[in-house]
Amino acid sequence: MSDFATGRTGWDMLVSSKSKLFNLAAIAVILMCLYFASKYMDMEQIEALIIGALLGWLLTSNLMKPTGRLIVVMDLEQFTIRIVFIPDEFYSKFNKAGNCMCFTSAFGMPVYLAKSIDLENNIIDYGWCHNEPIEVALSDIEFFNKWYGKYCTTQQENLIWRKRVDVMAAELAKCAVDQTVKEYDIALGLNRHEDSSEPVPPVPVSDPIIREGDSDGV
Amino acid sequence: MSTLILIALAGVVLGSVLYRAKRAATGPAEDVI
């Protein structure tokens, strides 16, 4: 990653991709073949050789391209993303760690999200979406009960806080209406609130859901 | 004409050999982007 920080030269970008480097090497080989062939062939034969080589490259790359899968590696610290193609025959040779999450592309190619990948040592780290491995999460009843209890608690807390906003808004509205009614009373001389000179402050509700008669199935 | 076809076939072989060599040189996995 430090290479990105110091800037990249053209040579650095070229040698960082073996694919690009080999494309240039292939073009060089073809040009050398054409150079030596030009001594013994006429122009028509050289054209046939060029067309044949292009045809062979295209046919081989399309018909003989191996099936495989994509590994999407996201580095959230550096905000970089890397997509690696691994043929099926080599994927089984990789050492895999973490919780494997498999998606599929629109064309049906398996796509995996990974935390890191080491192509030199054949290691894929998928990372973890939770603290327990997937086989424990699916097979251990204690883990399931622990997870289910936490899920229910969180749901109840969410319902309480969602209801609490409505109650607080109702209390504020009631306070405002009381204050307005009191001002109207004074202006009209009704004096219904002459014994209470101060406006009634809103009563803070500690936990509105727990109040009696206010349960809605939480 | 037959010479041209033979040369074209030689080109096909050359192109396919180069592509297979590229696959072998880039290794089992390669970056797509």
# chains A, B, ... in the order shown; residues from 1 in each chain; ligands from 1

$ residues_around --residues "A:Ile123" --least-positions-apart "3" --cutoff "8 Å" --atoms "only C-alpha atoms" --output "PyMOL selection string"
chain A and resi 94-97+117-119

$ interface_residues --of "chain A" --to "chain B" --cutoff "7 Å" --atoms "only C-alpha atoms" --output "count of residues only"
24

$ atom_distance --atom1 "atom CA of A:Asp166" --atom2 "atom CA of A:Gln179"
20.1 Å

$ atom_distance --atom1 "atom CA of A:Gly127" --atom2 "atom CA of A:Ile81"
15.1 Å

$ select_by_dssp --residues "stretch 15-131 of chain A" --states "strand (DSSP E)" --output "PyMOL selection string"
chain A and resi 68-75+80-87+95-97+102-104+110-114+116-118+123-125

$ decode --residues "stretch 6-17 of chain B" --atoms "all heavy atoms" --output "JSON list (two decimals), in the first residue's frame"
[["chain", "number", "residue", "atom", "x", "y", "z"],
["B", 6, "LEU", "N", -2.36, -23.42, -44.59],
["B", 6, "LEU", "CA", -1.40, -24.00, -43.65],
["B", 6, "LEU", "C", -0.75, -22.91, -42.79],
["B", 6, "LEU", "O", -0.57, -23.07, -41.57],
["B", 6, "LEU", "CB", -0.32, -24.76, -44.42],
["B", 6, "LEU", "CG", -0.71, -26.14, -44.94],
["B", 6, "LEU", "CD1", 0.44, -26.74, -45.75],
["B", 6, "LEU", "CD2", -1.04, -27.05, -43.77],
["B", 7, "ILE", "N", -0.44, -21.78, -43.41],
["B", 7, "ILE", "CA", 0.17, -20.69, -42.64],
["B", 7, "ILE", "C", -0.84, -20.14, -41.63],
["B", 7, "ILE", "O", -0.50, -19.84, -40.48],
["B", 7, "ILE", "CB", 0.65, -19.59, -43.60],
["B", 7, "ILE", "CG1", 1.85, -20.11, -44.41],
["B", 7, "ILE", "CG2", 1.04, -18.33, -42.84],
["B", 7, "ILE", "CD1", 2.30, -19.16, -45.48],
["B", 8, "ALA", "N", -2.09, -20.02, -42.06],
["B", 8, "ALA", "CA", -3.12, -19.53, -41.13],
["B", 8, "ALA", "C", -3.30, -20.49, -39.96],
["B", 8, "ALA", "O", -3.42, -20.08, -38.81],
["B", 8, "ALA", "CB", -4.45, -19.34, -41.87],
["B", 9, "LEU", "N", -3.27, -21.79, -40.26],
["B", 9, "LEU", "CA", -3.38, -22.77, -39.17],
["B", 9, "LEU", "C", -2.17, -22.68, -38.23],
["B", 9, "LEU", "O", -2.31, -22.81, -37.01],
["B", 9, "LEU", "CB", -3.48, -24.19, -39.76],
["B", 9, "LEU", "CG", -4.84, -24.55, -40.37],
["B", 9, "LEU", "CD1", -4.79, -25.93, -41.01],
["B", 9, "LEU", "CD2", -5.92, -24.52, -39.30],
["B", 10, "ALA", "N", -1.02, -22.44, -38.82],
["B", 10, "ALA", "CA", 0.17, -22.26, -37.98],
["B", 10, "ALA", "C", -0.01, -21.04, -37.08],
["B", 10, "ALA", "O", 0.40, -21.04, -35.91],
["B", 10, "ALA", "CB", 1.40, -22.10, -38.86],
["B", 11, "GLY", "N", -0.63, -19.99, -37.64],
["B", 11, "GLY", "CA", -0.91, -18.81, -36.83],
["B", 11, "GLY", "C", -1.87, -19.12, -35.71],
["B", 11, "GLY", "O", -1.70, -18.63, -34.58],
["B", 12, "VAL", "N", -2.88, -19.95, -36.01],
["B", 12, "VAL", "CA", -3.84, -20.33, -34.96],
["B", 12, "VAL", "C", -3.12, -21.08, -33.84],
["B", 12, "VAL", "O", -3.33, -20.82, -32.64],
["B", 12, "VAL", "CB", -4.97, -21.20, -35.57],
["B", 12, "VAL", "CG1", -5.81, -21.80, -34.47],
["B", 12, "VAL", "CG2", -5.84, -20.37, -36.50],
["B", 13, "VAL", "N", -2.25, -22.00, -34.25],
["B", 13, "VAL", "CA", -1.49, -22.74, -33.23],
["B", 13, "VAL", "C", -0.61, -21.79, -32.43],
["B", 13, "VAL", "O", -0.53, -21.87, -31.19],
["B", 13, "VAL", "CB", -0.65, -23.84, -33.92],
["B", 13, "VAL", "CG1", 0.29, -24.48, -32.91],
["B", 13, "VAL", "CG2", -1.55, -24.88, -34.55],
["B", 14, "LEU", "N", 0.03, -20.85, -33.13],
["B", 14, "LEU", "CA", 0.90, -19.90, -32.43],
["B", 14, "LEU", "C", 0.10, -19.06, -31.43],
["B", 14, "LEU", "O", 0.51, -18.88, -30.27],
["B", 14, "LEU", "CB", 1.57, -18.97, -33.45],
["B", 14, "LEU", "CG", 2.45, -17.86, -32.88],
["B", 14, "LEU", "CD1", 3.65, -18.45, -32.15],
["B", 14, "LEU", "CD2", 2.92, -16.92, -33.98],
["B", 15, "GLY", "N", -1.08, -18.57, -31.85],
["B", 15, "GLY", "CA", -1.91, -17.76, -30.96],
["B", 15, "GLY", "C", -2.37, -18.54, -29.75],
["B", 15, "GLY", "O", -2.34, -18.05, -28.62],
["B", 16, "SER", "N", -2.80, -19.79, -29.98],
["B", 16, "SER", "CA", -3.29, -20.59, -28.85],
["B", 16, "SER", "C", -2.16, -20.93, -27.89],
["B", 16, "SER", "O", -2.33, -20.94, -26.68],
["B", 16, "SER", "CB", -3.98, -21.86, -29.37],
["B", 16, "SER", "OG", -3.05, -22.63, -30.08],
["B", 17, "VAL", "N", -0.97, -21.22, -28.46],
["B", 17, "VAL", "CA", 0.18, -21.52, -27.59],
["B", 17, "VAL", "C", 0.54, -20.31, -26.75],
["B", 17, "VAL", "O", 0.82, -20.42, -25.54],
["B", 17, "VAL", "CB", 1.38, -21.98, -28.45],
["B", 17, "VAL", "CG1", 2.66, -21.97, -27.63],
["B", 17, "VAL", "CG2", 1.13, -23.37, -29.00]]
